[in-house]
Structures are given as C-alpha cells and as structure tokens.
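**Q** Contents are CSV, C-alpha atoms; file name coords23.csv:
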chain,number,residue,atom,x,y,z
A,1,MET,CA,0.0,0.0,0.0
A,2,LYS,CA,1.4,3.3,-1.1
A,3,GLY,CA,0.0,5.3,1.8
A,4,LEU,CA,1.6,3.2,4.4
A,5,LYS,CA,4.8,5.2,4.5
A,6,TYR,CA,2.8,8.3,5.3
A,7,ILE,CA,1.0,6.6,8.1
A,8,THR,CA,4.3,5.3,9.5
A,9,ALA,CA,5.8,8.8,9.3
A,10,GLY,CA,2.8,10.1,11.1
A,11,ILE,CA,3.0,7.4,13.9
A,12,LEU,CA,6.6,8.4,14.4
A,13,PHE,CA,5.7,12.0,14.6
A,14,GLY,CA,2.9,11.3,17.1
A,15,ILE,CA,5.2,9.3,19.3
A,16,ILE,CA,7.8,12.0,19.2
A,17,MET,CA,5.4,14.8,20.1
A,18,ALA,CA,3.8,12.8,22.9
A,19,LYS,CA,6.9,11.3,24.4
A,20,SER,CA,8.8,14.6,24.4
A,21,GLU,CA,5.7,16.2,26.0
A,22,ALA,CA,5.4,18.8,23.2
A,23,ILE,CA,1.7,18.0,23.2
A,24,SER,CA,1.4,19.2,26.8
A,25,TRP,CA,-0.5,22.3,27.7
A,26,TYR,CA,1.8,22.7,30.7
A,27,ARG,CA,4.9,22.6,28.5
A,28,ILE,CA,3.5,25.3,26.2
A,29,GLN,CA,2.8,27.5,29.3
A,30,GLU,CA,6.3,26.9,30.5
A,31,MET,CA,7.6,28.0,27.1
A,32,PHE,CA,5.6,31.2,27.0
A,33,ARG,CA,6.8,32.0,30.5
A,34,PHE,CA,10.4,31.3,29.6
A,35,GLN,CA,10.7,29.0,32.6
A,36,SER,CA,12.3,26.0,30.8
A,37,PHE,CA,14.6,25.3,27.9
A,38,HIS,CA,12.7,22.2,26.9
A,39,MET,CA,10.5,23.5,24.1
A,40,TYR,CA,13.2,25.8,22.8
A,41,GLY,CA,15.5,22.9,22.8
A,42,ILE,CA,13.1,20.8,20.7
A,43,ILE,CA,12.3,23.5,18.1
A,44,GLY,CA,15.9,24.8,18.1
A,45,THR,CA,17.5,21.4,17.5
A,46,ALA,CA,14.9,20.6,14.7
A,47,VAL,CA,15.6,24.0,13.0
A,48,VAL,CA,19.4,23.8,13.2
A,49,LEU,CA,19.4,20.2,11.8
A,50,GLY,CA,16.7,21.2,9.3
A,51,VAL,CA,18.8,24.1,8.0
A,52,ILE,CA,21.8,21.8,7.5
A,53,ALA,CA,19.6,19.2,5.8
A,54,VAL,CA,17.9,21.6,3.5
A,55,TYR,CA,21.3,23.2,2.6
A,56,LEU,CA,22.7,19.7,1.7
A,57,ILE,CA,19.6,18.7,-0.2
A,58,LYS,CA,19.9,21.9,-2.4
A,59,LYS,CA,23.7,21.7,-2.7
A,60,TYR,CA,23.8,18.1,-3.9
A,61,ARG,CA,20.5,18.3,-5.8
A,62,ILE,CA,19.1,15.3,-3.9
A,63,ARG,CA,16.2,13.6,-5.6
A,64,ASP,CA,13.0,12.3,-4.1
A,65,ILE,CA,11.7,8.8,-4.5
A,66,GLN,CA,10.0,9.7,-7.8
A,67,GLY,CA,13.3,10.8,-9.1
A,68,ASN,CA,12.6,14.5,-9.1
A,69,VAL,CA,15.1,17.0,-7.7
A,70,ILE,CA,13.7,18.2,-4.4
A,71,ALA,CA,12.5,21.7,-4.9
A,72,PHE,CA,11.6,24.3,-2.3
A,73,GLN,CA,8.9,27.0,-2.7
A,74,ASP,CA,9.7,30.4,-1.4
A,75,LYS,CA,7.0,32.0,0.7
A,76,ASP,CA,5.3,35.1,-0.6
A,77,ARG,CA,7.2,38.2,0.5
A,78,THR,CA,4.3,40.1,2.0
A,79,TRP,CA,4.1,40.8,5.7
A,80,PRO,CA,0.7,41.5,7.1
A,81,ARG,CA,-0.5,38.0,6.8
A,82,TYR,CA,2.5,36.6,8.7
A,83,ILE,CA,2.4,39.0,11.5
A,84,ILE,CA,-1.3,39.3,12.0
A,85,GLY,CA,-2.1,35.6,11.2
A,86,GLY,CA,0.8,34.5,13.3
A,87,THR,CA,-0.3,36.6,16.3
A,88,ILE,CA,-3.9,35.2,16.1
A,89,PHE,CA,-2.5,31.7,15.9
A,90,GLY,CA,-0.3,32.3,18.9
A,91,LEU,CA,-3.3,33.5,21.0
A,92,GLY,CA,-5.0,30.2,20.3
A,93,TRP,CA,-1.8,28.2,20.8
A,94,ALA,CA,-1.2,29.5,24.3
A,95,LEU,CA,-4.9,29.2,25.2
A,96,THR,CA,-5.4,25.5,24.1
A,97,GLY,CA,-1.7,24.5,24.5
A,98,ALA,CA,-2.0,22.8,21.1
A,99,CYS,CA,-1.1,23.6,17.6
A,100,PRO,CA,-2.7,21.5,14.8
A,101,GLY,CA,-0.4,18.5,15.0
A,102,PRO,CA,-0.6,18.0,18.8
A,103,MET,CA,-4.4,18.5,18.8
A,104,PHE,CA,-4.7,15.2,16.9
A,105,VAL,CA,-1.9,13.4,18.9
A,106,ASN,CA,-3.8,14.4,22.0
A,107,ILE,CA,-7.0,12.7,20.7
A,108,GLY,CA,-5.0,9.5,20.2
A,109,TYR,CA,-3.6,9.9,23.7
A,110,GLY,CA,-7.1,10.0,25.1
A,111,TYR,CA,-7.7,13.7,25.6
A,112,PHE,CA,-11.1,13.8,23.9
A,113,ALA,CA,-11.7,17.4,24.9
A,114,MET,CA,-9.5,18.2,22.0
A,115,PHE,CA,-12.4,17.4,19.7
A,116,ILE,CA,-13.8,20.7,20.7
A,117,VAL,CA,-10.5,22.4,19.8
A,118,ILE,CA,-10.3,20.6,16.5
A,119,PHE,CA,-13.9,21.5,15.7
A,120,GLY,CA,-13.1,25.1,16.5
A,121,SER,CA,-10.0,25.1,14.3
A,122,LEU,CA,-12.1,23.8,11.4
A,123,VAL,CA,-14.6,26.6,12.0
A,124,GLY,CA,-11.7,29.1,12.1
A,125,THR,CA,-10.2,27.7,8.8
A,126,TYR,CA,-13.7,27.9,7.2
A,127,PHE,CA,-14.1,31.5,8.4
A,128,TYR,CA,-10.7,32.4,6.9
A,129,GLY,CA,-11.8,30.9,3.6
A,130,ILE,CA,-14.9,33.2,3.6
A,131,ILE,CA,-13.2,36.4,4.4
A,132,LYS,CA,-9.8,35.7,2.8
A,133,ASP,CA,-10.2,38.4,0.2
A,134,LYS,CA,-11.3,41.1,2.7
A,135,VAL,CA,-8.3,40.9,5.0
A,136,PRO,CA,-4.8,42.3,4.3
A,137,HIS,CA,-2.1,39.9,3.1
B,138,MET,CA,14.3,-1.1,24.7
B,139,LEU,CA,10.6,-0.6,25.4
B,140,GLU,CA,11.5,0.6,28.8
B,141,LEU,CA,14.0,3.1,27.4
B,142,LEU,CA,11.5,4.4,24.9
B,143,SER,CA,8.8,4.7,27.5
B,144,GLN,CA,10.7,7.3,29.5
B,145,PRO,CA,10.1,11.0,28.6
B,146,TRP,CA,12.3,11.8,25.6
B,147,PRO,CA,14.9,14.5,26.0
B,148,TRP,CA,14.6,17.6,23.8
B,149,TYR,CA,17.6,16.8,21.6
B,150,THR,CA,16.1,13.4,20.6
B,151,SER,CA,12.8,15.0,19.9
B,152,GLY,CA,14.3,17.9,17.9
B,153,ALA,CA,16.4,15.6,15.8
B,154,ALA,CA,13.5,13.2,15.2
B,155,ILE,CA,11.3,16.1,14.0
B,156,ALA,CA,14.0,17.2,11.6
B,157,PHE,CA,14.2,13.6,10.4
B,158,ILE,CA,10.4,13.6,9.7
B,159,MET,CA,10.7,16.8,7.7
B,160,VAL,CA,13.5,15.4,5.6
B,161,LEU,CA,11.6,12.1,5.2
B,162,LEU,CA,8.6,13.9,3.8
B,163,LEU,CA,10.8,15.9,1.4
B,164,PHE,CA,12.3,12.6,0.3
B,165,TYR,CA,8.7,11.4,-0.4
B,166,GLY,CA,8.3,14.5,-2.5
B,167,LYS,CA,6.0,16.2,0.1
B,168,SER,CA,6.3,19.2,2.4
B,169,PHE,CA,5.8,19.0,6.2
B,170,GLY,CA,2.8,21.1,7.2
B,171,VAL,CA,0.0,19.8,9.4
B,172,SER,CA,-2.5,22.7,9.3
B,173,ALA,CA,-3.1,22.2,5.6
B,174,ASN,CA,-5.2,19.2,6.7
B,175,LEU,CA,-7.8,21.5,8.3
B,176,ARG,CA,-8.4,23.1,4.9
B,177,THR,CA,-8.6,19.6,3.3
B,178,MET,CA,-11.2,18.5,5.9
B,179,CYS,CA,-13.3,21.6,5.2
B,180,THR,CA,-13.2,20.7,1.5
B,181,ILE,CA,-14.2,17.1,2.2
B,182,ALA,CA,-17.1,18.4,4.2
B,183,GLY,CA,-18.3,20.2,1.1
B,184,ALA,CA,-17.0,23.7,1.7
B,185,GLY,CA,-15.8,23.9,-1.8
B,186,LYS,CA,-19.3,24.3,-3.2
B,187,LYS,CA,-19.8,27.6,-1.4
B,188,VAL,CA,-16.3,29.0,-0.9
B,189,LYS,CA,-13.7,29.1,-3.6
B,190,PHE,CA,-10.7,28.7,-1.2
B,191,PHE,CA,-11.9,25.2,-0.5
B,192,ASP,CA,-12.5,24.3,-4.1
B,193,PHE,CA,-9.5,22.0,-4.9
B,194,ASP,CA,-8.9,18.4,-5.5
B,195,TRP,CA,-8.4,17.1,-1.9
B,196,ARG,CA,-7.0,13.8,-3.2
B,197,THR,CA,-3.7,15.7,-3.7
B,198,GLN,CA,-3.6,16.0,0.1
B,199,LYS,CA,-4.5,12.4,0.9
B,200,TRP,CA,-1.0,11.7,1.9
B,201,ASN,CA,-1.2,14.5,4.6
B,202,LEU,CA,-4.4,13.1,6.0
B,203,LEU,CA,-2.8,9.7,6.2
B,204,PHE,CA,0.1,11.3,8.1
B,205,LEU,CA,-2.3,12.9,10.4
B,206,PHE,CA,-4.1,9.6,11.0
B,207,GLY,CA,-0.7,8.1,11.8
B,208,SER,CA,0.0,10.8,14.4
B,209,VAL,CA,-3.3,9.9,16.1
B,210,LEU,CA,-2.1,6.3,16.2
B,211,GLY,CA,1.2,7.6,17.6
B,212,GLY,CA,-0.7,9.2,20.4
B,213,VAL,CA,-2.5,5.9,21.1
B,214,ILE,CA,0.8,4.0,21.2
B,215,SER,CA,2.3,6.6,23.5
B,216,SER,CA,-0.5,6.3,26.0
B,217,THR,CA,-0.5,2.5,26.0
B,218,ILE,CA,2.6,0.5,25.0
B,219,LEU,CA,5.0,3.4,25.7
B,220,LYS,CA,3.1,4.8,28.7
B,221,SER,CA,5.3,6.3,31.4
B,222,ASP,CA,4.1,6.5,35.0
B,223,GLU,CA,6.5,9.3,35.8
B,224,PRO,CA,4.9,12.7,36.4
B,225,LEU,CA,5.8,15.5,34.0
B,226,GLN,CA,8.8,17.4,35.2
B,227,LEU,CA,7.3,20.9,35.0
B,228,SER,CA,9.5,23.8,36.3
B,229,ALA,CA,8.6,24.9,39.8
B,230,ALA,CA,8.1,28.5,38.6
B,231,THR,CA,5.4,27.4,36.1
B,232,VAL,CA,3.7,25.3,38.8
B,233,ASN,CA,3.6,28.4,41.0
B,234,ASP,CA,2.3,30.7,38.3
B,235,LEU,CA,-0.4,28.3,37.3
B,236,GLN,CA,-1.4,27.9,40.9
B,237,THR,CA,-2.1,31.6,41.2
B,238,LEU,CA,-4.3,31.3,38.2
B,239,GLY,CA,-6.2,28.5,40.0
B,240,ILE,CA,-4.9,25.8,37.7
B,241,ARG,CA,-3.5,22.9,39.7
B,242,PHE,CA,-0.5,21.0,38.3
B,243,ASP,CA,-1.5,17.3,38.4
B,244,GLY,CA,1.6,15.7,36.8
B,245,GLN,CA,-0.3,14.7,33.6
B,246,LEU,CA,0.2,16.1,30.1
B,247,ASN,CA,-2.8,18.4,30.3
B,248,PRO,CA,-4.6,19.9,33.3
B,249,SER,CA,-7.9,18.2,34.2
B,250,SER,CA,-9.1,21.6,35.3
B,251,LEU,CA,-9.1,22.6,31.6
B,252,PHE,CA,-9.6,19.4,29.7
B,253,GLY,CA,-11.6,17.4,32.2
B,254,TRP,CA,-15.2,16.5,31.7
B,255,GLU,CA,-16.6,18.9,34.3
B,256,PHE,CA,-14.9,22.0,32.7
B,257,ILE,CA,-15.6,21.2,29.1
B,258,THR,CA,-19.3,20.6,29.7
B,259,SER,CA,-19.6,24.0,31.4
B,260,PRO,CA,-20.5,26.9,29.0
B,261,LYS,CA,-17.2,28.7,29.9
B,262,GLY,CA,-15.0,25.7,29.4
B,263,PHE,CA,-16.6,24.7,26.1
B,264,LEU,CA,-16.4,28.3,24.8
B,265,ILE,CA,-12.7,28.6,25.8
B,266,LEU,CA,-11.7,25.5,24.0
B,267,LEU,CA,-13.9,26.3,21.0
B,268,LEU,CA,-12.5,29.9,20.8
B,269,GLY,CA,-9.0,28.7,21.2
B,270,GLY,CA,-9.5,26.3,18.3
B,271,ILE,CA,-11.0,29.0,16.1
B,272,LEU,CA,-8.0,31.2,16.7
B,273,VAL,CA,-5.6,28.4,15.9
B,274,GLY,CA,-7.4,27.5,12.7
B,275,PHE,CA,-8.0,31.0,11.5
B,276,GLY,CA,-4.5,32.1,12.4
B,277,ALA,CA,-2.8,29.2,10.8
B,278,ARG,CA,-4.5,29.6,7.4
B,279,TYR,CA,-4.2,33.4,7.5
B,280,ALA,CA,-0.4,33.0,8.2
B,281,GLY,CA,-0.2,30.3,5.6
B,282,GLY,CA,1.1,27.7,8.0
B,283,CYS,CA,1.5,26.6,11.6
B,284,THR,CA,4.4,25.5,13.8
B,285,SER,CA,5.3,22.7,11.4
B,286,GLY,CA,5.0,24.6,8.2
B,287,HIS,CA,6.6,27.9,9.4
B,288,ALA,CA,8.8,27.1,12.4
B,289,ILE,CA,10.2,23.9,11.1
B,290,SER,CA,9.9,23.7,7.3
B,291,GLY,CA,10.0,27.5,6.7
B,292,LEU,CA,12.9,28.3,9.1
B,293,SER,CA,14.9,25.3,7.8
B,294,ASN,CA,14.6,26.9,4.3
B,295,LEU,CA,15.7,30.3,5.8
B,296,GLN,CA,12.4,31.9,4.8
B,297,ILE,CA,12.1,35.4,6.4
B,298,PRO,CA,8.3,35.3,6.1
B,299,SER,CA,8.3,32.2,8.3
B,300,LEU,CA,10.5,34.0,10.8
B,301,VAL,CA,7.9,36.8,10.9
B,302,ALA,CA,5.1,34.3,11.4
B,303,VAL,CA,7.0,32.7,14.3
B,304,VAL,CA,7.5,36.1,15.8
B,305,GLY,CA,3.8,36.5,15.5
B,306,PHE,CA,3.2,33.1,17.2
B,307,PHE,CA,5.2,34.4,20.1
B,308,ILE,CA,3.5,37.9,20.2
B,309,GLY,CA,0.1,36.1,20.4
B,310,GLY,CA,1.3,33.5,22.8
B,311,LEU,CA,2.8,36.0,25.2
B,312,ILE,CA,-0.3,38.3,25.1
B,313,MET,CA,-2.5,35.3,25.9
B,314,THR,CA,-0.3,33.9,28.6
B,315,HIS,CA,0.5,37.1,30.5
B,316,LEU,CA,-2.4,39.4,29.7
B,317,VAL,CA,-5.5,37.3,28.8
B,318,LEU,CA,-5.2,34.2,30.9
B,319,PRO,CA,-5.2,36.1,34.2
B,320,LEU,CA,-8.5,37.7,33.0
B,321,ILE,CA,-10.1,34.3,32.1
B,322,PHE,CA,-9.0,32.3,35.1
Go ahead and express the file in the form of structure tokens.

**A**
Amino acid sequence: MKGLKYITAGILFGIIMAKSEAISWYRIQEMFRFQSFHMYGIIGTAVVLGVIAVYLIKKYRIRDIQGNVIAFQDKDRTWPRYIIGGTIFGLGWALTGACPGPMFVNIGYGYFAMFIVIFGSLVGTYFYGIIKDKVPH
Amino acid sequence: MLELLSQPWPWYTSGAAIAFIMVLLLFYGKSFGVSANLRTMCTIAGAGKKVKFFDFDWRTQKWNLLFLFGSVLGGVISSTILKSDEPLQLSAATVNDLQTLGIRFDGQLNPSSLFGWEFITSPKGFLILLLGGILVGFGARYAGGCTSGHAISGLSNLQIPSLVAVVGFFIGGLIMTHLVLPLIF
C-alpha cells in the first residue's frame, strides 16, 4: 500500500510529540513564561538540523523517491498575513496548548476534549476561507 | 528497549527526530505542514461548493491526511505501550504561576481543570476550547502555516516570512499567557 509510508511517518511524529511532552498544555505555558529550555531545545534542534539538511539537499540536488530533484517553494514576500495571522495563531496556541499536530496526537492519547478544539480550528479555517479576500495579506 | 522508549524523551532526541520527519517527507516529494489538513477537511465536508478557497482536489492532500491519521495512532501508542508513570517534570516556577491562576498541576500532560469532563461541559469551558481552536485554525490559514509549516519547514529553508510568522506566534502566545489568561481564570 502506497499510503503506508505516510501513516508510518505520522506514527513516528505522534510518538515524538507525545513522548517529548510537546503536546502538553503545561509545556507550552512553560515555554511562553520562559521557565524552561525544553520546548526551545526541541524547536531549536529541529531547526538547526533542518537548516543543515535543506542546505545539503539543495547543494547536492538530492532527488525524491519519484526521481525529481527536491524543490523548495519560497513563501510570498508580503508581511501583514504573517504577523497578523501569526499573532492570532499564537493566541490560540497559548490558550489551548495545542497547535494543529498535537491536537490530533492528544486525541490518540485520550484527551477527547481536544475534539472541541479541532472543531473550533475547522470553524476558524472555514471562516478564513470566507473572508480571505477582505483581510490584508 | 521498550522501557527506554517509555521514558520521557529529551529535547535533543525529539528535535532531531522532528528534523528527520521533515527530511523524510521531502524525500517522499512532500512538504511537512500539518494545518493544511484543516483546509482539506473543510473541502471534504463540502465547503468547496460555497467558498472558492476550498474548491480544490483534496486527493492531492490524501498523503497528509494519512500522516495525520498516523499521528493519532502515535498518540495511542504513547499512552499504551509506551506509557510512562513518571509525572511530568514541570518547572517549579510554572507550577507556581499556574497555581495563582487557579490551575492545579497534576503531573499529567494536560490539566484536568481545563480538559476534564466537568470543565468542558460548562459553558465557559466549552467556549474557551472552541474559541482557542477557532484562533488556531483561522490564524494558521491566515499566516499560511502553523508550527510545522513555518517554524520547522520554513525556518529550515531560511524563509524570512516564516520567521515573521514565528515572531507573530510568540507575540500572540505572550499576550495570551501574560495578559489574557489572568482575566479568564
């Protein structure tokens, strides 16, 4: 089955997030209060290694499993959407302690209250789709 | 081995593993970004008939939904086979701060005073979680990505817009944590 590799990658992701407590509301609070290095260590390590990996992939023109050279899309160079959208996202992140990935990992973990958060995030996504052309990007 | 994996993972293991996942998805010809699934779900629910933003062939995102499904399974495995009985090692300062907000630290991943049955079935509790979700979903799509898409994929590719988005995540997070939470709790 072609999709199995994505499920496997997802399982690994879920285990990482849960076992390193990145899905914890407490850990997110600790991060936004600058009272522990834990979350900064996780994100920092991932970014440093990610930068090196992306650099090497570009430099050696590494190919993906379909044989295509791995390409990277540059993000649009506008600013309002990133700063305003990012701030709105951050408000929700600190309130629920969950960004989109951990919401679902938490469901698997048994925190079914996250269904409310997920439902909300779908409502929020839908709302953005409606007013997309009316907000500054 | 199972015993070793059951212990809470240190940050460097987790950080390295997240970078590995990002590279793995690149190698599969995909891009690591979880919140795109929320848009896909809206499309599957039929939002594309009314709103153009959701009018796309969701099958191109099937891989991402499978990834998300896997992450739910990862949560299941973590709370069963890999379950640890050790309480979460939260910093004493955070325990104190939360105490003054009236949120008791119970050693679990998430406080029962926020995610427990009693709170979420109260109008206040339900609205807080719903509103939090709305902010996350709206903000992620507005910013064009969440923690995975911007903080991990974007920063790894040295994208300044992603850095701006991450700064935004922190502005919002700090406002919520230090200014709004004391008003709510």

**Q** Nearest to Ala9 (chain A) among B:Val188, B:Leu142, B:Leu162, B:Ala153, with distances taken over all atoms listed in the file: which residue is it?

**A**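 Closest to Ala9 (chain A), using all atoms listed in the file: B:Leu162.
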
**Q** Could the residues of chain A within 6 Å of chain B, counting all atoms listed in the file, be given as a ChimeraX atom specification, please?

**A** /A:6-7,10-11,13-16,19-20,24-25,30,32,38,41-43,45-47,50-51,64-65,81-83,85-92,94-96,100-101,104-105,108-109,113,116-117,120-125,128-129

**Q** To one decimal in Å, tell me the separation between CA of Arg196 (chain B) and CA of Phe169 (chain B).

**A**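 A separation of 16.7 Å between them.
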
**Q** Could you check how far CA of Leu139 (chain B) sits from CA of Ile218 (chain B), in Å to one decimal?

**A**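 About the pair CA of Leu139 (chain B) and CA of Ile218 (chain B): they are 8.1 Å apart.
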
**Q** Please indicate the distance in Å from CA of Lys261 (chain B) to CA of Met103 (chain A), rounded to one decimal place.

**A** 19.8 Å

**Q** Provide region 151-165 of chain B of the preceding structure as a file containing N, CA and C atoms, as a PDB file, in the first residue's frame.

**A**
ATOM      1  N   SER B 151      14.034  14.534  20.499  1.00  0.00           N
ATOM      2  CA  SER B 151      12.806  14.960  19.855  1.00  0.00           C
ATOM      3  C   SER B 151      13.082  15.916  18.702  1.00  0.00           C
ATOM      4  N   GLY B 152      13.958  16.902  18.934  1.00  0.00           N
ATOM      5  CA  GLY B 152      14.288  17.872  17.889  1.00  0.00           C
ATOM      6  C   GLY B 152      14.887  17.194  16.675  1.00  0.00           C
ATOM      7  N   ALA B 153      15.814  16.275  16.916  1.00  0.00           N
ATOM      8  CA  ALA B 153      16.449  15.557  15.810  1.00  0.00           C
ATOM      9  C   ALA B 153      15.418  14.716  15.062  1.00  0.00           C
ATOM     10  N   ALA B 154      14.511  14.085  15.802  1.00  0.00           N
ATOM     11  CA  ALA B 154      13.500  13.231  15.173  1.00  0.00           C
ATOM     12  C   ALA B 154      12.524  14.056  14.331  1.00  0.00           C
ATOM     13  N   ILE B 155      12.209  15.270  14.796  1.00  0.00           N
ATOM     14  CA  ILE B 155      11.314  16.130  14.014  1.00  0.00           C
ATOM     15  C   ILE B 155      11.989  16.542  12.705  1.00  0.00           C
ATOM     16  N   ALA B 156      13.296  16.893  12.784  1.00  0.00           N
ATOM     17  CA  ALA B 156      14.036  17.229  11.565  1.00  0.00           C
ATOM     18  C   ALA B 156      14.042  16.028  10.620  1.00  0.00           C
ATOM     19  N   PHE B 157      14.188  14.837  11.184  1.00  0.00           N
ATOM     20  CA  PHE B 157      14.184  13.618  10.371  1.00  0.00           C
ATOM     21  C   PHE B 157      12.851  13.452   9.630  1.00  0.00           C
ATOM     22  N   ILE B 158      11.745  13.704  10.348  1.00  0.00           N
ATOM     23  CA  ILE B 158      10.412  13.597   9.728  1.00  0.00           C
ATOM     24  C   ILE B 158      10.292  14.578   8.564  1.00  0.00           C
ATOM     25  N   MET B 159      10.789  15.809   8.777  1.00  0.00           N
ATOM     26  CA  MET B 159      10.699  16.810   7.717  1.00  0.00           C
ATOM     27  C   MET B 159      11.468  16.351   6.481  1.00  0.00           C
ATOM     28  N   VAL B 160      12.683  15.840   6.703  1.00  0.00           N
ATOM     29  CA  VAL B 160      13.514  15.373   5.583  1.00  0.00           C
ATOM     30  C   VAL B 160      12.869  14.158   4.911  1.00  0.00           C
ATOM     31  N   LEU B 161      12.311  13.274   5.733  1.00  0.00           N
ATOM     32  CA  LEU B 161      11.649  12.075   5.189  1.00  0.00           C
ATOM     33  C   LEU B 161      10.518  12.469   4.238  1.00  0.00           C
ATOM     34  N   LEU B 162       9.702  13.450   4.657  1.00  0.00           N
ATOM     35  CA  LEU B 162       8.592  13.888   3.807  1.00  0.00           C
ATOM     36  C   LEU B 162       9.109  14.556   2.536  1.00  0.00           C
ATOM     37  N   LEU B 163      10.213  15.308   2.648  1.00  0.00           N
ATOM     38  CA  LEU B 163      10.822  15.902   1.444  1.00  0.00           C
ATOM     39  C   LEU B 163      11.253  14.796   0.490  1.00  0.00           C
ATOM     40  N   PHE B 164      11.823  13.749   1.057  1.00  0.00           N
ATOM     41  CA  PHE B 164      12.293  12.617   0.272  1.00  0.00           C
ATOM     42  C   PHE B 164      11.114  11.906  -0.409  1.00  0.00           C
ATOM     43  N   TYR B 165       9.948  11.953   0.236  1.00  0.00           N
ATOM     44  CA  TYR B 165       8.734  11.390  -0.365  1.00  0.00           C
ATOM     45  C   TYR B 165       8.138  12.353  -1.395  1.00  0.00           C
TER      46      TYR B 165
END
